[in-house]
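Data file: protein-v9.txt. Format and content: compact mmCIF, C-alpha atoms.
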```
# COMPACT_ATOMS: atom_id res chain seq x y z
CA MET A 89 -3.92 10.71 -70.27
CA TRP A 90 -2.87 12.39 -67.01
CA VAL A 91 -1.31 15.88 -67.54
CA ASN A 92 -0.31 18.69 -65.21
CA SER A 93 -0.94 22.42 -65.67
CA GLN A 94 2.16 22.68 -67.88
CA GLY A 95 0.81 20.02 -70.24
CA GLU A 96 3.34 17.35 -69.18
CA ASP A 97 2.27 13.71 -69.46
CA LEU A 98 2.05 12.22 -65.95
CA SER A 99 0.43 8.90 -66.90
CA SER A 100 3.44 6.79 -65.93
CA LEU A 101 3.77 8.57 -62.59
CA ALA A 102 0.08 8.11 -61.85
CA GLN A 103 0.28 4.43 -62.67
CA THR A 104 3.29 4.05 -60.37
CA SER A 105 1.44 5.75 -57.53
CA ILE A 106 -1.55 3.48 -57.98
CA LEU A 107 0.67 0.39 -57.93
CA GLN A 108 2.43 1.63 -54.81
CA GLU A 109 -0.92 2.17 -53.12
CA MET A 110 -2.00 -1.36 -54.06
CA ASP A 111 1.27 -2.74 -52.69
CA ASN A 112 0.61 -0.93 -49.42
CA ILE A 113 -2.86 -2.45 -49.21
CA PHE A 114 -1.49 -5.93 -49.85
CA ALA A 115 1.17 -5.32 -47.19
CA ILE A 116 -1.57 -4.44 -44.72
CA GLU A 117 -3.50 -7.55 -45.74
CA SER A 118 -0.58 -9.90 -45.21
CA SER A 119 0.09 -8.49 -41.73
CA ILE A 120 -3.43 -9.22 -40.48
CA GLU A 121 -4.43 -12.49 -38.87
CA ILE A 122 -8.13 -13.08 -39.49
CA ARG A 123 -9.98 -14.80 -36.69
CA CYS A 124 -11.44 -18.21 -37.32
CA GLY A 125 -14.75 -18.10 -39.20
CA GLN A 126 -14.66 -14.33 -39.71
CA PRO A 127 -14.33 -12.37 -42.99
CA PRO A 128 -11.40 -9.97 -43.52
CA PRO A 129 -11.81 -6.27 -42.67
CA SER A 130 -13.60 -4.24 -45.35
CA PHE A 131 -10.52 -2.21 -46.29
CA VAL A 132 -8.51 -5.28 -47.28
CA ILE A 133 -8.46 -6.44 -50.91
CA THR A 134 -8.92 -10.18 -50.65
CA ASP A 135 -9.00 -13.21 -52.89
CA ARG A 136 -12.75 -13.24 -52.32
CA GLU A 137 -12.99 -9.89 -54.13
CA ARG A 138 -10.52 -10.86 -56.83
CA SER A 139 -12.15 -14.29 -57.28
CA PRO A 140 -15.98 -14.12 -57.41
CA GLN A 141 -16.22 -17.92 -57.32
CA ILE A 142 -15.42 -17.98 -53.57
CA ALA A 143 -18.32 -18.63 -51.21
CA GLN A 144 -19.56 -15.70 -49.13
CA GLN A 145 -20.26 -17.57 -45.88
CA SER A 146 -18.61 -20.58 -44.30
CA ASP A 147 -20.51 -23.85 -44.05
CA ASP A 148 -21.30 -25.31 -40.64
CA ILE A 149 -19.30 -28.49 -41.14
CA LYS A 150 -19.60 -31.39 -38.71
CA VAL A 151 -18.05 -34.83 -38.97
CA ASP A 152 -19.85 -38.11 -39.47
CA GLY A 153 -18.78 -40.44 -36.65
CA ASP A 154 -19.94 -43.47 -38.66
CA THR A 155 -17.09 -42.84 -41.13
CA ALA A 156 -14.35 -42.43 -38.50
CA ARG A 157 -11.66 -44.96 -37.72
CA PRO A 158 -12.20 -46.25 -34.13
CA ASN A 159 -9.03 -44.46 -32.95
CA LEU A 160 -10.73 -41.12 -33.47
CA SER A 161 -12.67 -39.80 -30.49
CA ILE A 162 -15.40 -37.45 -31.77
CA ALA A 163 -16.51 -34.53 -29.58
CA VAL A 164 -20.17 -34.11 -28.66
CA ASP A 165 -20.57 -31.16 -31.03
CA LYS A 166 -18.99 -33.23 -33.86
CA LYS A 167 -16.62 -30.40 -34.71
CA SER A 168 -13.41 -31.72 -33.17
CA PHE A 169 -11.78 -35.15 -33.02
CA THR A 170 -8.79 -36.56 -31.16
CA HIS A 171 -6.49 -39.37 -32.25
CA LYS A 172 -6.40 -41.83 -29.33
CA SER A 173 -3.69 -44.43 -28.86
CA GLN A 174 -6.32 -47.06 -28.14
CA ALA A 175 -9.27 -47.75 -30.44
CA GLN A 176 -12.62 -46.56 -29.13
CA LYS A 177 -15.34 -49.10 -28.38
CA VAL A 178 -17.55 -48.32 -31.35
CA THR A 179 -19.23 -50.41 -33.98
CA GLN A 180 -17.47 -50.28 -37.32
CA ASN A 181 -19.61 -50.24 -40.42
CA GLU A 182 -19.20 -50.33 -44.17
CA GLY A 183 -18.65 -46.60 -44.44
CA SER A 184 -15.90 -46.29 -41.83
CA PHE A 185 -12.15 -46.01 -42.46
CA ASP A 186 -10.36 -49.05 -41.08
CA SER A 187 -6.63 -48.37 -41.47
CA SER A 188 -6.12 -44.61 -41.93
CA VAL A 189 -7.13 -42.24 -39.12
CA CYS A 190 -9.67 -40.37 -41.22
CA VAL A 191 -13.21 -39.06 -41.00
CA LEU A 192 -15.61 -37.40 -43.43
CA GLY A 193 -17.97 -34.49 -43.03
CA SER A 194 -21.63 -35.34 -42.50
CA GLU A 195 -22.83 -33.32 -45.50
CA ASP A 196 -21.93 -33.95 -49.13
CA PHE A 197 -21.67 -31.31 -51.87
CA SER A 198 -22.41 -31.60 -55.58
CA SER A 199 -23.15 -27.95 -56.45
CA GLY A 200 -22.48 -24.46 -55.23
CA LYS A 201 -19.56 -22.78 -53.49
CA HIS A 202 -18.52 -23.71 -49.97
CA TYR A 203 -15.75 -23.11 -47.47
CA TRP A 204 -14.75 -24.16 -43.98
CA GLU A 205 -11.81 -23.56 -41.68
CA VAL A 206 -9.78 -25.91 -39.49
CA ASP A 207 -7.48 -25.14 -36.58
CA VAL A 208 -4.08 -26.76 -37.13
CA GLU A 209 -1.90 -26.15 -34.08
CA LYS A 210 1.87 -25.89 -34.36
CA ARG A 211 2.55 -29.17 -32.58
CA PHE A 212 0.74 -31.18 -35.24
CA GLN A 213 3.12 -33.29 -37.29
CA ASP A 214 0.79 -35.20 -39.58
CA TRP A 215 -2.61 -34.00 -40.83
CA ASN A 216 -4.49 -33.73 -44.10
CA LEU A 217 -7.52 -31.69 -45.15
CA GLY A 218 -9.60 -31.51 -48.31
CA VAL A 219 -12.45 -33.36 -49.96
CA ALA A 220 -13.11 -36.98 -50.86
CA ARG A 221 -15.35 -38.38 -53.57
CA LYS A 222 -18.29 -40.42 -52.28
CA SER A 223 -16.85 -43.61 -53.82
CA ALA A 224 -13.26 -43.00 -52.63
CA PRO A 225 -11.81 -46.06 -50.84
CA ARG A 226 -12.14 -46.28 -47.07
CA LYS A 227 -10.65 -49.71 -46.46
CA GLY A 228 -7.05 -50.89 -46.45
CA ILE A 229 -4.01 -48.87 -47.47
CA MET A 230 -5.05 -45.66 -49.22
CA SER A 231 -3.27 -43.27 -51.55
CA LEU A 232 -4.45 -39.72 -50.99
CA SER A 233 -4.44 -38.62 -54.60
CA PRO A 234 -6.98 -37.29 -57.10
CA LYS A 235 -6.98 -40.51 -59.08
CA GLU A 236 -8.13 -42.31 -55.91
CA GLY A 237 -10.82 -39.70 -55.28
CA PHE A 238 -9.03 -37.51 -52.72
CA TRP A 239 -8.03 -33.85 -53.12
CA ALA A 240 -6.01 -32.97 -50.04
CA LEU A 241 -3.25 -30.85 -48.60
CA GLY A 242 -1.32 -31.70 -45.48
CA LEU A 243 1.65 -31.47 -43.17
CA SER A 244 4.03 -34.45 -43.14
CA PHE A 245 7.76 -34.94 -42.62
CA LYS A 246 7.99 -31.32 -41.36
CA GLY A 247 6.81 -30.00 -44.72
CA TYR A 248 3.58 -29.00 -46.41
CA TRP A 249 2.47 -31.07 -49.39
CA ALA A 250 -0.35 -31.06 -51.91
CA ARG A 251 -1.45 -34.65 -52.43
CA THR A 252 -1.22 -34.57 -56.19
CA ASP A 253 -0.58 -37.86 -58.01
CA ALA A 254 3.09 -37.11 -57.42
CA TRP A 255 3.23 -35.07 -54.20
CA THR A 256 3.93 -31.37 -54.63
CA GLN A 257 5.99 -29.74 -51.87
CA LEU A 258 4.75 -26.28 -50.97
CA VAL A 259 6.71 -23.17 -50.05
CA VAL A 260 5.03 -21.64 -47.00
CA GLN A 261 6.28 -18.32 -45.64
CA LYS A 262 4.52 -18.67 -42.28
CA ASN A 263 3.19 -21.84 -40.71
CA PRO A 264 -0.60 -21.58 -40.71
CA ARG A 265 -2.53 -21.86 -37.46
CA LYS A 266 -5.77 -22.12 -39.43
CA VAL A 267 -6.42 -23.42 -42.95
CA ARG A 268 -9.45 -22.46 -45.03
CA VAL A 269 -10.74 -24.91 -47.67
CA HIS A 270 -12.68 -23.40 -50.59
CA LEU A 271 -14.76 -25.68 -52.81
CA ASN A 272 -16.34 -24.57 -56.09
CA CYS A 273 -18.33 -27.48 -57.48
CA GLU A 274 -19.32 -25.87 -60.79
CA GLU A 275 -15.78 -24.74 -61.62
CA LYS A 276 -14.30 -27.97 -60.18
CA ILE A 277 -11.75 -26.02 -58.17
CA LEU A 278 -10.48 -26.64 -54.65
CA THR A 279 -8.29 -23.97 -53.03
CA PHE A 280 -6.49 -23.97 -49.67
CA PHE A 281 -5.77 -20.68 -47.90
CA SER A 282 -3.64 -19.93 -44.87
CA VAL A 283 -5.89 -17.80 -42.67
CA THR A 284 -2.80 -16.76 -40.72
CA ASP A 285 -1.32 -14.60 -43.48
CA VAL A 286 -4.18 -14.59 -46.04
CA SER A 287 -2.18 -16.48 -48.64
CA VAL A 288 -3.06 -19.19 -51.15
CA MET A 289 -1.32 -22.43 -50.27
CA PHE A 290 -2.43 -24.53 -53.26
CA THR A 291 -5.22 -24.86 -55.83
CA PHE A 292 -6.49 -28.05 -57.47
CA LYS A 293 -8.05 -27.24 -60.85
CA ASP A 294 -10.19 -29.31 -63.22
CA CYS A 295 -11.02 -31.73 -60.42
CA ALA A 296 -12.72 -34.88 -61.66
CA PHE A 297 -15.29 -34.97 -58.87
CA SER A 298 -17.88 -36.81 -61.06
CA GLU A 299 -20.14 -37.26 -58.00
CA GLU A 300 -20.78 -35.88 -54.54
CA VAL A 301 -17.76 -34.96 -52.43
CA TYR A 302 -17.43 -34.79 -48.65
CA PRO A 303 -15.14 -32.68 -46.46
CA PHE A 304 -12.20 -34.93 -45.61
CA PHE A 305 -9.94 -34.93 -42.54
CA LYS A 306 -6.99 -37.09 -41.52
CA ASN A 307 -5.25 -36.80 -38.15
CA SER A 308 -2.33 -39.20 -37.92
CA ARG A 309 -0.58 -37.93 -34.81
CA LYS A 310 -1.58 -39.65 -31.58
CA GLU A 311 -3.12 -37.57 -28.80
CA SER A 312 -3.57 -34.55 -31.07
CA THR A 313 -6.85 -32.83 -31.89
CA LEU A 314 -8.19 -31.17 -35.02
CA ARG A 315 -11.04 -28.69 -34.69
CA ILE A 316 -13.39 -27.36 -37.35
CA CYS A 317 -14.19 -23.71 -36.78
CA SER A 318 -17.77 -22.77 -35.98
CA VAL A 319 -19.72 -20.43 -38.24
CA LYS A 320 -19.62 -16.88 -36.89
CA GLU A 321 -22.84 -15.96 -35.14
CA GLU A 322 -24.54 -12.91 -36.58
```
Encoding of this model in structure tokens:
Amino acid sequence: MWVNSQGEDLSSLAQTSILQEMDNIFAIESSIEIRCGQPPPSFVITDRERSPQIAQQSDDIKVDGDTARPNLSIAVDKKSFTHKSQAQKVTQNEGSFDSSVCVLGSEDFSSGKHYWEVDVEKRFQDWNLGVARKSAPRKGIMSLSPKEGFWALGLSFKGYWARTDAWTQLVVQKNPRKVRVHLNCEEKILTFFSVTDVSVMFTFKDCAFSEEVYPFFKNSRKESTLRICSVKEE
């Protein structure tokens, strides 16, 4: 119990002050734009601190050109890819996407906690990010849904959507310039954060991964580029 020198109970007032202080901290947090690949400042209370399942360091994700549809031009560093109007002169193989402009990361995950960030510029009209099960379909018309082996979030029709089995439209206060994807294999959770205002966009829970999953990217707008952020150099 909190009391003053006159013996009056100040517990409720103390609690109110603490809550106000927390609100101020959260207000500071939401006003900060965190640079790509960098952790938030130490004075900010973040979801990482509230949620111990979040990975502590981003993974150095690169894409696997052998999985890309020929319309995707992969950069030399394999961290950015551009949707070209004309198909590239590359050899398609069994593991490549043939109808959707998609590509997978080069490394699969079956355990641990991982995260990566992607630049999504304002002019983009149609992109999706997330993870795909190893056995998810890569040929023909695809449905980006968990039952098909995809857990994704994207921008389409001027709105943000979680690709649940029936799409879920998201309420976004500020259009993200960067999106962070958090994967927790043990807890079977996939969470998307807006790095722009440090907010949770959507969380998939109880994901039926059942096998390895790969980072997944789809870039459907012609002549636009998606870029995976590089890991911050120490």
Taking all atoms listed in the file into account, which of A:Leu314, A:Pro234, A:Phe245, A:Lys167 comes nearest Asp294 (chain A)?
-> A:Pro234
Which of these, A:Trp215, A:Ile149, A:Val267, A:Ala220, has the shortest distance to Gly247 (chain A) once you count all atoms listed in the file?
-> A:Trp215
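Here CA of Asp154 (chain A) is placed at a distance of 5.9 Å from CA of Ser184 (chain A).
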If you count all atoms listed in the file, which residues fall within 8 Å of Glu274 (chain A), apart from same-chain ones fewer than 6 positions away, as a VMD selection string?
-> chain A and resid 199 to 201
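Closest approach to Met289 (chain A) among A:Lys306, A:Arg315, A:Lys262, A:Lys246: A:Lys262, based on only C-alpha atoms.
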Selection: 6 Å around region 240-244 of chain A, only C-alpha atoms, excl. self and same-chain fewer than 3 positions, as a list in words | Asp214, Trp215, Asn216, Leu217, Gly218, Gly247, Tyr248, Trp249, Ala250 and Arg251 of chain A
Contacts of Thr313 (chain A) within 10 Å, only C-alpha atoms, excl. fewer than 5 positions in-chain, as a count of residues only = 15
Separation of CA of Cys317 (chain A) from CA of Leu258 (chain A), in Å and rounded to one decimal = 23.8 Å
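Here CA of Ser318 (chain A) and CA of Asn272 (chain A) stand 20.2 Å from one another.
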Give the answer as one residue: which of A:Thr284, A:Thr252, A:Ser187, A:Ser312 has the shortest atom-to-atom distance to Lys266 (chain A), using all atoms listed in the file?
-> A:Thr284
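Between Thr256 (chain A) and the candidates A:Asn181, A:Gly228, A:Phe304, A:Ser233, the tightest atom-to-atom separation, counting only C-alpha atoms, involves A:Ser233.
Comparing A:Lys166, A:His270, A:Arg226, A:Lys276 by their smallest distance to His202 (chain A), the closest is A:His270 (using all atoms listed in the file).
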Where is the centre and how long are the edges: axis-aligned box on region 234-248 of chain A, 5 Å on each side, Å to one decimal, as JSON:
```
{"center_x": -1.4, "center_y": -35.7, "center_z": -50.2, "size_x": 28.8, "size_y": 23.3, "size_z": 27.7}
```
